[in-house]
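Asker: Dumping the structure here so I can ask a few things about it.
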Amino acid sequence: MHYPFELRKAIQAAGLLLRVHERQQMEYIRLLKLLYITDRETIRDTGQPIIGAKVVALKKGPLHGRVYDLVKGQDEESGEWNRFFRTVGVEIELLTDPGIEALCRYEVRKLNEIHDRYQDVDTWDLVEETHEFTEWKKHYPNPDEDTSRPIPFEDILAAVGRADDLGAIRAELNETLRMERLFG
């Protein structure tokens with residue numbers, strides 16, 4: 001089970017984090033970590049992510065696979081992403097503000113909270129913090145390997161203390177997907 005990827009929300013969430021960051025740019029690994037931590041806490045608080053999509057465990061910790069592919073220019077929707085961002089080396093820069101209209105107030109507040117909480121934390125300390133997440137440890141048991149493994153949404157729910165809500169969350173997701181198929 002996983003929530004569908006929300007490209008518009010991913011672009012706006014990344015844009016918000018970059019807009020409030022010094023020079024409107026940062027190491028892209030930092031952006032990926034901030035987005036993951038925000039989604040993880042949103043799942044804890046609401047049972048749903050902001051961005052959706054499949055999450056993967058990599059040597060540098062958990063992150064959204066689709067967003068990582070967008071940053072690298074290896075996603076089918078990279079053209080849309082590149083209207084707003086430019087990746088140069090290990091840095092990502094905001095080119096044009098994508099706005100925040102796809103994000104609800106809670107999501108904007110959570111993104112700002114995460115940015116503020118970690119603004120003075122070194123990027124590699126942030127990466128190390130995500131290595132402490134239960135869902136990463138479970139799916140990346142040997143940190144000496146350089147591989148990628150999917151992290152099921154159910155394992156994130158369990159890691160944030162919402163395992164008992166799986167049935168209700170699954171039913172809500174199925175209903176949302178059914179309505180999207182019916183009405184587009």
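Following the order of the structure tokens, chains are lettered A, B, ..., residues in each are numbered from 1, and ligands are numbered from 1.
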Leaving out region 42-51 of chain A and any residue of its chain fewer than 3 positions from it, which residues lie within 9 Å of it when counting only C-alpha atoms, given as a PyMOL selection string?

Answerer: chain A and resi 3-10+13+35-39+64+103+106-107+110+156-157+159-162+165-166+169+173

Asker: Which residues are near region 140-142 of chain A? Cut-off 10 Å, only C-alpha atoms, ignore same chain within fewer than 4 positions. Put them as a PyMOL selection string.

Answerer: chain A and resi 56-59+61-62+131+134-136+146-151

Asker: From region 12-104 of chain A, collect each residue whose DSSP state is strand (DSSP E or B) and return the set as number ranges by chain.

Answerer: A: 25-27, 55-58, 61-64, 85-88, 91-94

Asker: Write the residues you've just listed into a file as a short mmCIF file (atom, residue, chain, number, x, y, z; two decimals), in the first residue's frame, and include all heavy atoms for each of them.

Answerer:
```cif
data_model
loop_
_atom_site.label_atom_id
_atom_site.label_comp_id
_atom_site.auth_asym_id
_atom_site.auth_seq_id
_atom_site.Cartn_x
_atom_site.Cartn_y
_atom_site.Cartn_z
N GLN A 25 18.67 28.02 -1.69
CA GLN A 25 19.30 26.80 -2.20
C GLN A 25 19.87 26.01 -1.03
O GLN A 25 20.10 26.56 0.05
CB GLN A 25 20.38 27.10 -3.23
CG GLN A 25 21.61 27.78 -2.68
CD GLN A 25 22.62 28.08 -3.78
OE1 GLN A 25 22.25 28.65 -4.79
NE2 GLN A 25 23.86 27.70 -3.58
N MET A 26 20.08 24.72 -1.25
CA MET A 26 20.65 23.85 -0.23
C MET A 26 21.14 22.58 -0.93
O MET A 26 20.84 22.36 -2.10
CB MET A 26 19.63 23.51 0.86
CG MET A 26 18.44 22.69 0.39
SD MET A 26 17.27 22.22 1.69
CE MET A 26 16.43 23.74 2.07
N GLU A 27 21.88 21.77 -0.18
CA GLU A 27 22.26 20.47 -0.71
C GLU A 27 20.99 19.67 -0.95
O GLU A 27 20.09 19.67 -0.11
CB GLU A 27 23.15 19.73 0.28
CG GLU A 27 24.52 20.36 0.47
CD GLU A 27 25.26 19.74 1.62
OE1 GLU A 27 24.92 20.06 2.77
OE2 GLU A 27 26.16 18.92 1.36
N VAL A 55 8.56 5.07 -0.88
CA VAL A 55 9.72 5.52 -0.13
C VAL A 55 10.77 4.42 -0.21
O VAL A 55 10.43 3.23 -0.20
CB VAL A 55 9.34 5.82 1.34
CG1 VAL A 55 10.55 6.13 2.18
CG2 VAL A 55 8.33 6.95 1.40
N VAL A 56 12.02 4.82 -0.32
CA VAL A 56 13.10 3.84 -0.41
C VAL A 56 14.13 4.06 0.69
O VAL A 56 14.32 5.18 1.17
CB VAL A 56 13.79 3.87 -1.79
CG1 VAL A 56 12.84 3.42 -2.88
CG2 VAL A 56 14.35 5.25 -2.10
N ALA A 57 14.79 2.97 1.05
CA ALA A 57 15.90 3.01 2.00
C ALA A 57 17.18 2.95 1.18
O ALA A 57 17.40 2.01 0.43
CB ALA A 57 15.82 1.82 2.96
N LEU A 58 17.98 3.98 1.31
CA LEU A 58 19.27 4.06 0.64
C LEU A 58 20.37 4.16 1.69
O LEU A 58 20.09 4.38 2.88
CB LEU A 58 19.35 5.29 -0.27
CG LEU A 58 18.35 5.36 -1.42
CD1 LEU A 58 18.37 6.74 -2.05
CD2 LEU A 58 18.67 4.30 -2.45
N GLY A 61 19.99 6.93 3.97
CA GLY A 61 18.74 7.00 4.73
C GLY A 61 17.52 6.92 3.84
O GLY A 61 17.60 6.75 2.63
N PRO A 62 16.34 7.07 4.45
CA PRO A 62 15.09 6.98 3.70
C PRO A 62 14.79 8.28 2.95
O PRO A 62 15.15 9.37 3.39
CB PRO A 62 14.06 6.75 4.81
CG PRO A 62 14.64 7.43 6.01
CD PRO A 62 16.13 7.27 5.88
N LEU A 63 14.13 8.12 1.80
CA LEU A 63 13.69 9.29 1.03
C LEU A 63 12.64 8.87 0.01
O LEU A 63 12.42 7.69 -0.23
CB LEU A 63 14.87 10.00 0.37
CG LEU A 63 15.85 9.19 -0.49
CD1 LEU A 63 15.34 8.95 -1.88
CD2 LEU A 63 17.18 9.92 -0.54
N HIS A 64 12.00 9.87 -0.60
CA HIS A 64 11.01 9.63 -1.65
C HIS A 64 11.76 9.33 -2.95
O HIS A 64 12.47 10.20 -3.46
CB HIS A 64 10.13 10.86 -1.88
CG HIS A 64 9.32 11.24 -0.68
ND1 HIS A 64 9.78 12.13 0.26
CD2 HIS A 64 8.10 10.86 -0.29
CE1 HIS A 64 8.87 12.28 1.19
NE2 HIS A 64 7.83 11.51 0.89
N PHE A 85 13.13 24.42 -10.32
CA PHE A 85 14.38 24.10 -9.62
C PHE A 85 15.50 23.80 -10.59
O PHE A 85 15.26 23.31 -11.70
CB PHE A 85 14.20 22.88 -8.71
CG PHE A 85 12.99 22.95 -7.83
CD1 PHE A 85 11.86 22.21 -8.13
CD2 PHE A 85 12.96 23.77 -6.72
CE1 PHE A 85 10.72 22.28 -7.33
CE2 PHE A 85 11.84 23.85 -5.91
CZ PHE A 85 10.72 23.10 -6.22
N ARG A 86 16.72 24.06 -10.12
CA ARG A 86 17.91 23.70 -10.88
C ARG A 86 18.86 22.97 -9.93
O ARG A 86 19.13 23.46 -8.83
CB ARG A 86 18.59 24.94 -11.46
CG ARG A 86 19.89 24.61 -12.18
CD ARG A 86 20.54 25.80 -12.83
NE ARG A 86 20.74 26.85 -11.83
CZ ARG A 86 20.90 28.14 -12.13
NH1 ARG A 86 20.86 28.54 -13.37
NH2 ARG A 86 21.09 29.02 -11.18
N THR A 87 19.36 21.83 -10.39
CA THR A 87 20.33 21.07 -9.62
C THR A 87 21.70 21.30 -10.24
O THR A 87 21.88 21.10 -11.44
CB THR A 87 20.00 19.57 -9.63
OG1 THR A 87 18.67 19.39 -9.13
CG2 THR A 87 20.97 18.78 -8.77
N VAL A 88 22.63 21.77 -9.42
CA VAL A 88 24.00 21.99 -9.86
C VAL A 88 24.91 21.26 -8.87
O VAL A 88 24.99 21.66 -7.71
CB VAL A 88 24.36 23.48 -9.93
CG1 VAL A 88 25.81 23.67 -10.37
CG2 VAL A 88 23.41 24.23 -10.84
N GLU A 91 23.90 20.68 -5.08
CA GLU A 91 22.99 21.74 -4.62
C GLU A 91 21.73 21.78 -5.49
O GLU A 91 21.78 21.49 -6.68
CB GLU A 91 23.68 23.10 -4.71
CG GLU A 91 24.88 23.27 -3.80
CD GLU A 91 24.50 23.66 -2.39
OE1 GLU A 91 23.58 24.48 -2.21
OE2 GLU A 91 25.14 23.14 -1.46
N ILE A 92 20.64 22.17 -4.87
CA ILE A 92 19.40 22.45 -5.59
C ILE A 92 19.02 23.89 -5.29
O ILE A 92 19.14 24.35 -4.15
CB ILE A 92 18.28 21.46 -5.25
CG1 ILE A 92 17.07 21.69 -6.16
CG2 ILE A 92 17.91 21.52 -3.78
CD1 ILE A 92 16.08 20.57 -6.17
N GLU A 93 18.58 24.59 -6.32
CA GLU A 93 18.28 26.02 -6.21
C GLU A 93 16.85 26.28 -6.68
O GLU A 93 16.41 25.70 -7.67
CB GLU A 93 19.27 26.79 -7.08
CG GLU A 93 19.02 28.27 -7.15
CD GLU A 93 19.99 28.96 -8.10
OE1 GLU A 93 20.63 28.30 -8.93
OE2 GLU A 93 20.08 30.19 -8.00
N LEU A 94 16.16 27.16 -5.98
CA LEU A 94 14.83 27.59 -6.38
C LEU A 94 14.97 28.63 -7.48
O LEU A 94 15.62 29.65 -7.30
CB LEU A 94 14.09 28.19 -5.18
CG LEU A 94 12.67 28.70 -5.43
CD1 LEU A 94 11.74 27.56 -5.79
CD2 LEU A 94 12.16 29.42 -4.18
#
```

Asker: Would you tabulate, counting only C-alpha atoms, all residues of region 5-103 of chain A that have an atom at most 10 Å from an atom of region 114-124 of chain A, showing the closest pair of atoms and their distance in Å to one decimal, sorted by chain then ascending number, as CSV?

Answerer:
```
residue,atom,partner,partner_atom,distance
A:Leu16,CA,A:His115,CA,9.4
A:Leu17,CA,A:His115,CA,6.5
A:Leu18,CA,A:His115,CA,9.2
A:Val20,CA,A:His115,CA,8.0
A:His21,CA,A:His115,CA,7.8
A:Glu22,CA,A:Gln119,CA,9.2
A:Met26,CA,A:Thr123,CA,9.3
A:Glu27,CA,A:Thr123,CA,7.8
A:Tyr28,CA,A:Thr123,CA,9.7
A:Ile29,CA,A:Thr123,CA,7.7
A:Arg30,CA,A:Thr123,CA,5.6
A:Leu31,CA,A:Thr123,CA,9.3
A:Lys33,CA,A:Thr123,CA,8.8
A:Leu34,CA,A:Ile114,CA,6.8
A:Leu35,CA,A:Ile114,CA,8.7
A:Ile37,CA,A:Ile114,CA,7.6
A:Thr38,CA,A:Ile114,CA,6.4
A:Glu41,CA,A:Ile114,CA,9.2
A:Lys60,CA,A:Trp124,CA,9.0
```

Asker: Any idea what the distance is between CA of Glu128 (chain A) and CA of Ala158 (chain A)?

Answerer: 20.6 Å

Asker: Pick out the closest residue to Arg40 (chain A) from this set: A:Asp155, A:Asp144, A:Glu175, A:Glu180. Count only C-alpha atoms.

Answerer: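 Among the listed residues, the smallest separation from Arg40 (chain A) belongs to A:Asp155.
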
Asker: At what distance in Å, to one decimal, does CA of Asp75 (chain A) lie from CA of Thr96 (chain A)?

Answerer: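 Separation of CA of Thr96 (chain A) and CA of Asp75 (chain A): 19.7 Å.
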
Asker: One decimal, Å: what's the distance from CA of Gln12 (chain A) over to CA of Ala163 (chain A), could you say?

Answerer: 28.8 Å

Asker: If you run DSSP on the backbone here, which positions in region 44-132 of chain A get alpha helix (DSSP H)? Please write them as number ranges by chain.

Answerer: A: 44-46, 65-72, 78-82, 105-118, 123-130
